[in-house]
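As provided, my_file_6.txt (compact mmCIF, C-alpha atoms and all ligand atoms) reads as follows.
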```
# COMPACT_ATOMS: atom_id res chain seq x y z
CA MET A 1 12.01 126.91 -6.32
CA THR A 2 12.18 126.92 -10.08
CA GLN A 3 10.21 124.24 -11.86
CA ALA A 4 11.58 122.20 -14.69
CA SER A 5 9.77 122.80 -17.94
CA TYR A 6 8.72 120.65 -20.83
CA PRO A 7 10.02 118.12 -21.86
CA ALA A 8 11.75 117.43 -18.50
CA LEU A 9 8.43 118.09 -16.79
CA ARG A 10 5.49 116.12 -18.13
CA LEU A 11 2.55 116.01 -15.71
CA ARG A 12 1.07 113.20 -17.80
CA ARG A 13 3.95 110.93 -16.70
CA THR A 14 2.37 110.06 -13.33
CA ARG A 15 -1.04 109.56 -14.95
CA ALA A 16 0.13 106.94 -17.42
CA SER A 17 -0.81 103.82 -15.45
CA ALA A 18 -3.45 102.81 -12.94
CA TRP A 19 -0.94 101.96 -10.19
CA SER A 20 0.70 105.34 -10.54
CA ARG A 21 -2.61 107.22 -10.54
CA ALA A 22 -3.57 105.37 -7.36
CA MET A 23 -0.24 106.24 -5.77
CA HIS A 24 -0.57 109.94 -6.59
CA ALA A 25 -4.23 110.40 -5.62
CA GLU A 26 -4.45 113.38 -3.27
CA ASN A 27 -7.90 112.54 -1.94
CA ARG A 28 -9.75 109.33 -1.35
CA LEU A 29 -13.35 108.48 -0.71
CA THR A 30 -14.12 105.61 1.67
CA PRO A 31 -17.37 104.24 3.14
CA SER A 32 -16.44 105.87 6.46
CA ASP A 33 -16.91 109.28 4.78
CA LEU A 34 -20.60 108.63 4.27
CA ILE A 35 -23.61 109.45 6.43
CA TRP A 36 -26.87 107.92 5.23
CA PRO A 37 -30.09 109.95 5.64
CA LEU A 38 -33.15 107.72 6.15
CA PHE A 39 -36.86 108.50 6.39
CA VAL A 40 -38.90 106.69 9.01
CA THR A 41 -42.64 106.12 8.79
CA GLU A 42 -45.29 104.48 10.96
CA GLY A 43 -46.41 100.86 10.79
CA GLN A 44 -44.88 97.41 10.44
CA GLY A 45 -43.26 96.06 7.30
CA VAL A 46 -43.97 99.34 5.49
CA GLU A 47 -41.93 100.60 2.56
CA GLU A 48 -43.19 103.78 0.88
CA PRO A 49 -41.24 104.80 -2.25
CA ILE A 50 -40.84 108.58 -2.64
CA LYS A 51 -41.76 109.62 -6.17
CA SER A 52 -39.50 112.67 -6.37
CA LEU A 53 -36.57 110.67 -4.94
CA PRO A 54 -36.40 107.61 -7.19
CA GLY A 55 -34.77 104.71 -5.36
CA VAL A 56 -35.39 106.18 -1.89
CA SER A 57 -38.19 104.95 0.39
CA ARG A 58 -39.62 105.67 3.79
CA TRP A 59 -39.27 102.66 6.06
CA SER A 60 -41.16 101.58 9.14
CA VAL A 61 -39.00 101.07 12.24
CA ASP A 62 -38.67 97.29 11.83
CA LEU A 63 -37.37 97.68 8.27
CA MET A 64 -35.22 100.65 9.28
CA VAL A 65 -33.31 98.29 11.57
CA GLN A 66 -32.50 96.15 8.53
CA ARG A 67 -31.23 99.25 6.71
CA ALA A 68 -28.98 99.93 9.71
CA ARG A 69 -27.55 96.42 9.48
CA GLU A 70 -26.87 96.87 5.76
CA ALA A 71 -25.21 100.22 6.41
CA GLN A 72 -22.96 98.76 9.04
CA ALA A 73 -22.00 95.83 6.80
CA ALA A 74 -21.07 98.32 4.05
CA GLY A 75 -18.85 100.32 6.42
CA ILE A 76 -21.11 103.36 6.84
CA PRO A 77 -20.40 104.86 10.29
CA CYS A 78 -23.54 106.89 10.88
CA LEU A 79 -27.22 107.25 9.94
CA ALA A 80 -29.22 110.50 9.83
CA LEU A 81 -32.87 109.99 10.72
CA PHE A 82 -35.90 112.01 9.61
CA PRO A 83 -39.52 111.26 10.52
CA ASN A 84 -42.56 111.40 8.26
CA THR A 85 -44.98 112.53 10.97
CA GLN A 86 -48.62 111.75 10.23
CA PRO A 87 -50.79 114.88 9.65
CA GLU A 88 -52.90 114.19 12.76
CA ARG A 89 -49.76 114.36 14.93
CA ARG A 90 -48.71 117.71 13.50
CA SER A 91 -49.64 120.98 15.18
CA ASP A 92 -48.78 124.66 15.03
CA ASP A 93 -46.38 124.28 17.98
CA GLY A 94 -44.78 121.04 16.76
CA ALA A 95 -45.33 119.44 20.19
CA GLU A 96 -44.89 115.95 18.76
CA ALA A 97 -41.15 116.73 18.65
CA LEU A 98 -41.20 116.48 22.46
CA ASN A 99 -43.04 113.16 22.66
CA PRO A 100 -40.60 110.54 24.04
CA ASP A 101 -42.43 107.88 22.04
CA ASN A 102 -42.51 109.74 18.74
CA LEU A 103 -41.36 108.09 15.54
CA MET A 104 -37.80 109.44 15.85
CA CYS A 105 -37.25 108.21 19.40
CA THR A 106 -38.81 104.84 18.60
CA ALA A 107 -36.49 104.44 15.63
CA ILE A 108 -33.42 105.56 17.60
CA ARG A 109 -34.10 103.03 20.37
CA ALA A 110 -34.77 100.18 17.93
CA ILE A 111 -31.59 100.82 15.95
CA LYS A 112 -29.43 101.29 19.05
CA ASP A 113 -30.82 98.05 20.42
CA ALA A 114 -30.19 95.99 17.27
CA VAL A 115 -27.08 97.69 15.82
CA PRO A 116 -25.34 99.36 18.77
CA GLY A 117 -22.15 100.04 16.84
CA ILE A 118 -23.60 102.51 14.35
CA GLY A 119 -23.83 106.24 15.05
CA ILE A 120 -27.16 108.06 14.92
CA LEU A 121 -27.44 111.70 13.92
CA THR A 122 -30.76 113.38 14.55
CA ASP A 123 -32.27 116.43 12.93
CA VAL A 124 -33.37 119.20 15.26
CA ALA A 125 -35.93 121.55 13.73
CA LEU A 126 -39.72 121.59 13.85
CA ASP A 127 -40.65 121.25 10.17
CA PRO A 128 -41.39 117.50 10.34
CA TYR A 129 -43.80 118.19 13.23
CA THR A 130 -45.52 121.51 12.43
CA ALA A 131 -48.86 121.83 10.65
CA HIS A 132 -47.45 124.79 8.68
CA GLY A 133 -44.18 123.14 7.60
CA GLN A 134 -41.94 125.90 8.95
CA ASP A 135 -38.92 125.01 11.14
CA GLY A 136 -40.07 127.02 14.16
CA LEU A 137 -42.96 128.74 15.92
CA LEU A 138 -44.86 131.49 14.11
CA ASP A 139 -46.11 134.82 15.45
CA GLU A 140 -49.40 136.37 14.25
CA ALA A 141 -47.67 137.81 11.21
CA GLY A 142 -46.32 134.39 10.22
CA TYR A 143 -42.72 135.26 11.18
CA VAL A 144 -40.66 132.40 12.65
CA VAL A 145 -39.79 133.62 16.15
CA ASN A 146 -36.24 132.90 17.26
CA ASP A 147 -36.02 132.62 21.05
CA ALA A 148 -39.32 130.84 21.69
CA THR A 149 -38.40 128.34 18.99
CA ILE A 150 -35.09 127.64 20.74
CA ASP A 151 -36.95 126.63 23.90
CA VAL A 152 -38.73 123.90 21.92
CA LEU A 153 -35.52 122.87 20.12
CA ILE A 154 -33.84 122.34 23.50
CA GLY A 155 -36.66 120.00 24.51
CA GLN A 156 -36.46 118.21 21.17
CA SER A 157 -32.69 117.74 21.53
CA LEU A 158 -32.97 116.37 25.07
CA ASN A 159 -35.75 114.04 23.94
CA GLN A 160 -33.54 112.64 21.16
CA ALA A 161 -30.47 112.39 23.39
CA ALA A 162 -32.45 110.50 26.03
CA ALA A 163 -33.53 108.03 23.33
CA GLY A 164 -29.88 107.42 22.40
CA ALA A 165 -28.96 109.92 19.67
CA ASP A 166 -25.19 110.34 19.29
CA ILE A 167 -25.11 113.55 17.27
CA ILE A 168 -27.66 116.33 17.58
CA ALA A 169 -27.85 118.24 14.30
CA PRO A 170 -29.82 121.48 14.53
CA SER A 171 -30.99 122.40 11.01
CA ASP A 172 -33.33 125.23 12.00
CA MET A 173 -30.93 128.20 11.57
CA MET A 174 -32.22 130.05 14.66
CA ASP A 175 -29.57 132.36 16.12
CA GLY A 176 -28.02 131.06 19.34
CA ARG A 177 -29.49 127.58 19.37
CA VAL A 178 -26.19 125.69 19.40
CA GLY A 179 -25.08 127.28 22.67
CA ALA A 180 -28.48 126.79 24.26
CA ILE A 181 -28.63 123.12 23.24
CA ARG A 182 -25.02 122.49 24.37
CA GLU A 183 -25.75 123.94 27.79
CA ALA A 184 -28.89 121.82 28.19
CA LEU A 185 -27.09 118.64 27.09
CA GLU A 186 -24.35 119.26 29.67
CA GLU A 187 -26.89 119.90 32.43
CA GLU A 188 -28.85 116.77 31.63
CA GLY A 189 -25.86 114.41 31.64
CA HIS A 190 -25.29 114.15 27.89
CA ALA A 191 -21.74 115.50 27.87
CA ASN A 192 -20.63 113.09 25.12
CA VAL A 193 -23.52 113.79 22.78
CA GLN A 194 -22.06 115.74 19.87
CA ILE A 195 -23.51 118.71 18.03
CA MET A 196 -23.13 118.93 14.26
CA ALA A 197 -24.45 122.38 13.42
CA TYR A 198 -26.15 123.02 10.14
CA ALA A 199 -24.12 126.23 10.27
CA ALA A 200 -24.44 127.47 6.70
CA LYS A 201 -27.79 126.25 5.47
CA TYR A 202 -29.04 128.07 2.42
CA ALA A 203 -32.64 128.83 1.41
CA SER A 204 -32.30 126.51 -1.55
CA ALA A 205 -34.48 125.26 -4.40
CA PHE A 206 -32.83 121.84 -4.02
CA TYR A 207 -34.89 120.72 -0.98
CA GLY A 208 -38.13 119.86 -2.79
CA PRO A 209 -37.98 116.04 -2.70
CA PHE A 210 -36.98 116.09 1.00
CA ARG A 211 -40.16 117.99 1.83
CA ASP A 212 -42.15 115.33 0.00
CA ALA A 213 -40.30 112.66 1.98
CA VAL A 214 -41.12 114.13 5.41
CA GLY A 215 -44.59 115.21 4.31
CA SER A 216 -44.11 118.95 4.81
CA GLY A 217 -44.01 119.93 1.13
CA GLY A 218 -47.74 120.30 0.67
CA LEU A 219 -48.10 122.12 3.99
CA LEU A 220 -45.44 124.77 3.57
CA LYS A 221 -46.69 128.21 2.61
CA GLY A 222 -44.18 130.84 1.63
CA ASN A 223 -40.49 130.19 2.01
CA LYS A 224 -37.71 129.94 4.62
CA LYS A 225 -35.73 133.01 3.59
CA SER A 226 -36.12 134.78 6.94
CA TYR A 227 -33.88 132.18 8.60
CA GLN A 228 -31.99 130.17 5.99
CA MET A 229 -29.15 131.94 4.18
CA ASP A 230 -29.29 133.87 0.94
CA PRO A 231 -27.49 131.95 -1.85
CA ALA A 232 -25.86 135.26 -2.79
CA ASN A 233 -23.74 135.26 0.37
CA SER A 234 -20.47 133.63 1.34
CA GLN A 235 -18.91 136.09 3.83
CA GLU A 236 -21.98 135.59 5.98
CA ALA A 237 -21.43 131.81 5.97
CA LEU A 238 -18.08 132.33 7.68
CA ARG A 239 -19.78 134.42 10.38
CA GLU A 240 -22.42 131.70 10.86
CA VAL A 241 -19.73 129.04 11.21
CA ALA A 242 -17.65 131.16 13.62
CA LEU A 243 -20.67 131.64 15.88
CA ASP A 244 -21.62 127.96 15.94
CA ILE A 245 -18.05 126.96 16.78
CA ALA A 246 -17.93 129.55 19.55
CA GLU A 247 -21.21 128.17 20.92
CA GLY A 248 -19.78 124.65 21.12
CA ALA A 249 -20.46 122.87 17.83
CA ASP A 250 -18.21 119.81 17.43
CA SER A 251 -18.55 119.94 13.66
CA VAL A 252 -20.26 122.16 11.12
CA MET A 253 -22.24 121.48 8.00
CA VAL A 254 -22.67 123.30 4.73
CA LYS A 255 -25.92 122.63 2.87
CA PRO A 256 -26.69 122.07 0.00
CA GLY A 257 -23.49 120.46 -1.20
CA LEU A 258 -22.34 120.68 -4.80
CA PRO A 259 -23.57 124.22 -5.56
CA TYR A 260 -21.76 125.38 -2.39
CA LEU A 261 -18.33 123.74 -2.70
CA ASP A 262 -16.81 127.22 -2.59
CA ILE A 263 -18.31 127.72 0.87
CA ILE A 264 -16.98 124.35 2.07
CA ALA A 265 -13.48 125.19 0.88
CA ARG A 266 -13.55 128.62 2.52
CA VAL A 267 -14.85 127.24 5.81
CA LYS A 268 -12.23 124.48 5.89
CA ASP A 269 -9.51 126.97 5.09
CA ARG A 270 -10.53 129.34 7.85
CA PHE A 271 -11.52 127.09 10.77
CA GLU A 272 -9.91 124.12 12.42
CA VAL A 273 -13.06 122.03 12.74
CA PRO A 274 -14.51 119.01 10.96
CA VAL A 275 -16.71 120.15 8.06
CA PHE A 276 -19.50 118.05 6.58
CA ALA A 277 -21.63 118.60 3.50
CA TYR A 278 -25.22 117.63 2.88
CA GLN A 279 -25.68 116.51 -0.70
CA VAL A 280 -29.40 117.21 -0.59
CA SER A 281 -32.43 115.59 -2.14
CA GLY A 282 -32.56 117.82 -5.22
CA GLU A 283 -28.93 117.02 -5.97
CA TYR A 284 -29.65 113.32 -5.65
CA ALA A 285 -32.71 113.66 -7.91
CA MET A 286 -30.66 115.62 -10.44
CA LEU A 287 -28.00 112.89 -10.68
CA GLU A 288 -30.63 110.17 -10.93
CA ALA A 289 -32.47 112.07 -13.67
CA ALA A 290 -29.24 112.51 -15.62
CA ALA A 291 -28.39 108.84 -15.32
CA ALA A 292 -31.92 107.79 -16.26
CA VAL A 293 -31.73 109.55 -19.63
CA GLY A 294 -28.24 108.25 -20.33
CA ALA A 295 -26.54 111.61 -19.78
CA GLY A 296 -23.86 109.98 -17.66
CA ASP A 297 -22.85 106.78 -15.94
CA ARG A 298 -24.66 106.64 -12.62
CA ASP A 299 -21.90 105.02 -10.56
CA ALA A 300 -19.26 107.34 -11.96
CA LEU A 301 -21.43 110.43 -11.37
CA VAL A 302 -22.08 109.38 -7.79
CA LEU A 303 -18.45 108.68 -6.92
CA GLU A 304 -17.10 111.77 -8.68
CA THR A 305 -19.50 114.15 -6.92
CA LEU A 306 -18.80 112.57 -3.55
CA LEU A 307 -15.04 112.76 -4.08
CA ALA A 308 -15.44 116.46 -4.87
CA PHE A 309 -16.54 117.00 -1.26
CA LYS A 310 -13.35 115.38 0.01
CA ARG A 311 -11.26 117.55 -2.30
CA ALA A 312 -13.07 120.66 -1.01
CA GLY A 313 -12.08 119.68 2.54
CA CYS A 314 -15.00 117.72 3.96
CA SER A 315 -14.59 115.09 6.64
CA GLY A 316 -17.72 113.43 5.33
CA VAL A 317 -20.94 113.79 3.37
CA LEU A 318 -24.60 113.17 4.06
CA THR A 319 -25.90 111.55 0.90
CA TYR A 320 -28.90 109.49 -0.19
CA HIS A 321 -26.43 107.54 -2.33
CA ALA A 322 -24.51 106.42 0.77
CA LEU A 323 -25.33 102.70 0.67
CA HIS A 324 -24.84 102.45 -3.09
CA ALA A 325 -21.56 104.38 -2.94
CA ALA A 326 -20.26 102.42 0.08
CA ARG A 327 -20.93 99.17 -1.75
CA LEU A 328 -19.19 100.46 -4.88
CA LEU A 329 -16.19 101.50 -2.80
CA GLY A 330 -16.08 98.24 -0.91
CA ALA A 331 -16.35 96.11 -4.01
N1 LIG A 401 -32.91 119.25 7.53
C1 LIG A 401 -32.63 118.31 6.53
C2 LIG A 401 -33.00 118.79 5.20
O1 LIG A 401 -33.60 119.85 5.07
C3 LIG A 401 -32.59 117.96 4.02
C4 LIG A 401 -32.84 118.64 2.72
C5 LIG A 401 -32.74 117.75 1.50
O2 LIG A 401 -32.21 116.62 1.52
O3 LIG A 401 -33.19 118.22 0.47
MG MG A 402 -26.49 130.51 12.86
```
For this file, write the structure as structure tokens.
Amino acid sequence: MTQASYPALRLRRTRASAWSRAMHAENRLTPSDLIWPLFVTEGQGVEEPIKSLPGVSRWSVDLMVQRAREAQAAGIPCLALFPNTQPERRSDDGAEALNPDNLMCTAIRAIKDAVPGIGILTDVALDPYTAHGQDGLLDEAGYVVNDATIDVLIGQSLNQAAAGADIIAPSDMMDGRVGAIREALEEEGHANVQIMAYAAKYASAFYGPFRDAVGSGGLLKGNKKSYQMDPANSQEALREVALDIAEGADSVMVKPGLPYLDIIARVKDRFEVPVFAYQVSGEYAMLEAAAAVGAGDRDALVLETLLAFKRAGCSGVLTYHALHAARLLGA
């Protein structure tokens, strides 16, 4: 097909009015694209602001239920929960992850009870529960051991599913954990519990505020490069995604978000599965810092970055801006 050329073809023609721009928009962001990560803490009526994440707080379970109601009213389909486990409940083996009355399970039950129509995604990894802040069990040399960690992750997943989790989201990056968790969920009667695999999770410098939020930042020695991916790699991300799909993941995640849009686009191009992005804490903090010094309009920055994920091929985005963005979109 030969294209007309200027002046018959003027691409500015369809951009000339708001109605026409709306009609020609190729991608759209809606509240149903947003998953809201929330941090749960112990106590009653407790709100703890997180310094490195301005505008984000940890909430006790009773207040978390109110957040769930607000999310539902704004059209957000799903919450992602993370616990701030008290230091005295942390241990080298992360056993608190298996406690049916831990903070996560208590929050899941309370939200499911009060707001049954909202989805709950739960993080599976041991870093919020270990005394050393790593995502798995360590050997004497301090290496995160793969297979023994998976045994604990299976228990953690079943614990969360029994409490009412709808989507199990393993973020640990152990090899083979998706298949092992899927098999255990089937055996224990949780056939409809989904798995969203953190399939391509990079060893990123953008996770700092999250570690403050779950209380593992000060504990973590070293780094997570022996299990999370090298930011230099993209071919390897496709292999990670292929494996997680083969093992039974219902959807896959790329994390962080904005610096890895190329990975999202490649994954979506290659595989016929829903792809989600995690716009992580450091990205949130970066946007807030820019807005705070007047380097950009906050609302516009938020909506533009979230729309970029849709353009790259995402079904949805985990973002700390979820409630704000959903309200902007609904307004
Ligand atoms: N497993 C969840 C995360 O590591 C979140 C990271 C972030 O928001 O920085
Ligand atoms: Mg993997």
What does the list of residues within 9 Å of ligand MG 402 (chain A) look like if you count all atoms listed in the file, written as a PyMOL selection string? chain A and resi 172-178+197-201+227-228+237+239-244
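Between CA of Ala8 in chain A and CA of Ser20 in chain A there is a distance of 18.2 Å.
With only C-alpha atoms as the atoms that count, the minimum distance from Gly119 in chain A to the choices A:Val61, A:Ala232, A:Leu98, A:Ala80 is reached by A:Ala80.
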Environment of ligand LIG 401 (chain A) within 6 Å, counting only C-alpha atoms and all ligand atoms, reported as a PyMOL selection string: chain A and resi 171+206-207+210+280-282
Nearest residue to Met196 in chain A out of A:Asp123, A:Ala148, A:Ala163, A:Arg266, using all atoms listed in the file? A:Asp123
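Between CA of Glu288 in chain A and CA of His321 in chain A lies a distance of 9.9 Å.
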Please enclose the listed atoms of range 185-200 of chain A in an axis-aligned box, pad each side by 8 Å, and write out the centre and the three edge lengths in Å, rounded to one decimal, as JSON.
```
{"center_x": -24.7, "center_y": 120.3, "center_z": 19.6, "size_x": 24.2, "size_y": 30.4, "size_z": 41.7}
```
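Summary of the local environment: counting only C-alpha atoms, residues at most 10 Å from Ala71 in chain A, other than itself and those fewer than 4 positions away along its chain, are Pro31, Leu34, Ile35, Trp36, Val65, Gln66, Arg67, Gly75, Ile76, Pro77, Cys78, Leu79, Val115, Ile118, Ala322, Leu323, His324, Ala326 and Arg327 of chain A.
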Would you output that residue set with C-alpha atoms, as a compact mmCIF listing (two decimals), in the coordinates of the input?
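So the final result, stored in result-v2.txt, reads:
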```
# COMPACT_ATOMS: atom_id res chain seq x y z
CA PRO A 31 -17.37 104.24 3.14
CA LEU A 34 -20.60 108.63 4.27
CA ILE A 35 -23.61 109.45 6.43
CA TRP A 36 -26.87 107.92 5.23
CA VAL A 65 -33.31 98.29 11.57
CA GLN A 66 -32.50 96.15 8.53
CA ARG A 67 -31.23 99.25 6.71
CA GLY A 75 -18.85 100.32 6.42
CA ILE A 76 -21.11 103.36 6.84
CA PRO A 77 -20.40 104.86 10.29
CA CYS A 78 -23.54 106.89 10.88
CA LEU A 79 -27.22 107.25 9.94
CA VAL A 115 -27.08 97.69 15.82
CA ILE A 118 -23.60 102.51 14.35
CA ALA A 322 -24.51 106.42 0.77
CA LEU A 323 -25.33 102.70 0.67
CA HIS A 324 -24.84 102.45 -3.09
CA ALA A 326 -20.26 102.42 0.08
CA ARG A 327 -20.93 99.17 -1.75
```
Determine the nearest neighbour of Val144 in chain A from the options A:Gly117, A:Asp92, A:Asn102, A:Met64, counting only C-alpha atoms. A:Asp92
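Between CA of Tyr129 in chain A and CA of His190 in chain A lies a distance of 24.0 Å.
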Pick the closest to Met253 in chain A from A:Gly179, A:Pro209, A:Gly155, A:Pro170: which is it, counting all atoms listed in the file? A:Pro170
Which residues, written as JSON, numbers by chain, have at least one atom at most 9 Å from range 40-51 of chain A, with only C-alpha atoms counted and residues fewer than 3 positions away on the same chain left out? {"A": [54, 55, 56, 57, 58, 59, 60, 61, 62, 63, 64, 81, 82, 83, 84, 85, 86, 103, 104, 107, 209, 212, 213, 214]}
Please write the residues from the selection above to a file, keeping C-alpha atoms, as a tab-separated table (two decimals), in the frame of the given file.
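Output (result_2.tsv):
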```tsv
chain	number	residue	atom	x	y	z
A	54	PRO	CA	-36.40	107.61	-7.19
A	55	GLY	CA	-34.77	104.71	-5.36
A	56	VAL	CA	-35.39	106.18	-1.89
A	57	SER	CA	-38.19	104.95	0.39
A	58	ARG	CA	-39.62	105.67	3.79
A	59	TRP	CA	-39.27	102.66	6.06
A	60	SER	CA	-41.16	101.58	9.14
A	61	VAL	CA	-39.00	101.07	12.24
A	62	ASP	CA	-38.67	97.29	11.83
A	63	LEU	CA	-37.37	97.68	8.27
A	64	MET	CA	-35.22	100.65	9.28
A	81	LEU	CA	-32.87	109.99	10.72
A	82	PHE	CA	-35.90	112.01	9.61
A	83	PRO	CA	-39.52	111.26	10.52
A	84	ASN	CA	-42.56	111.40	8.26
A	85	THR	CA	-44.98	112.53	10.97
A	86	GLN	CA	-48.62	111.75	10.23
A	103	LEU	CA	-41.36	108.09	15.54
A	104	MET	CA	-37.80	109.44	15.85
A	107	ALA	CA	-36.49	104.44	15.63
A	209	PRO	CA	-37.98	116.04	-2.70
A	212	ASP	CA	-42.15	115.33	0.00
A	213	ALA	CA	-40.30	112.66	1.98
A	214	VAL	CA	-41.12	114.13	5.41
```
Best match for closeness to Asp250 in chain A among A:Arg270, A:Ile195, A:Glu304, A:Asn223, counting all atoms listed in the file: A:Ile195
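Counting only C-alpha atoms, range 186-188 of chain A has the following residues at most 12 Å away, ignoring those fewer than 3 positions along the same chain: A:Ile154, A:Gly155, A:Ser157, A:Leu158, A:Asn159, A:Ala161, A:Ala162, A:Gly179, A:Ala180, A:Ile181, A:Arg182, A:Glu183, A:Ala191, A:Asn192, A:Val193, A:Gln194, A:Ile195, A:Gly248.
With only C-alpha atoms taken into account, the protein and nucleic acid residues at most 10 Å from Leu328 in chain A (excluding it and anything under 6 positions from it in its own chain) are Thr30, Pro31, Ala74, Asp299, Ala300, Val302, Leu303 and Ala322 of chain A.
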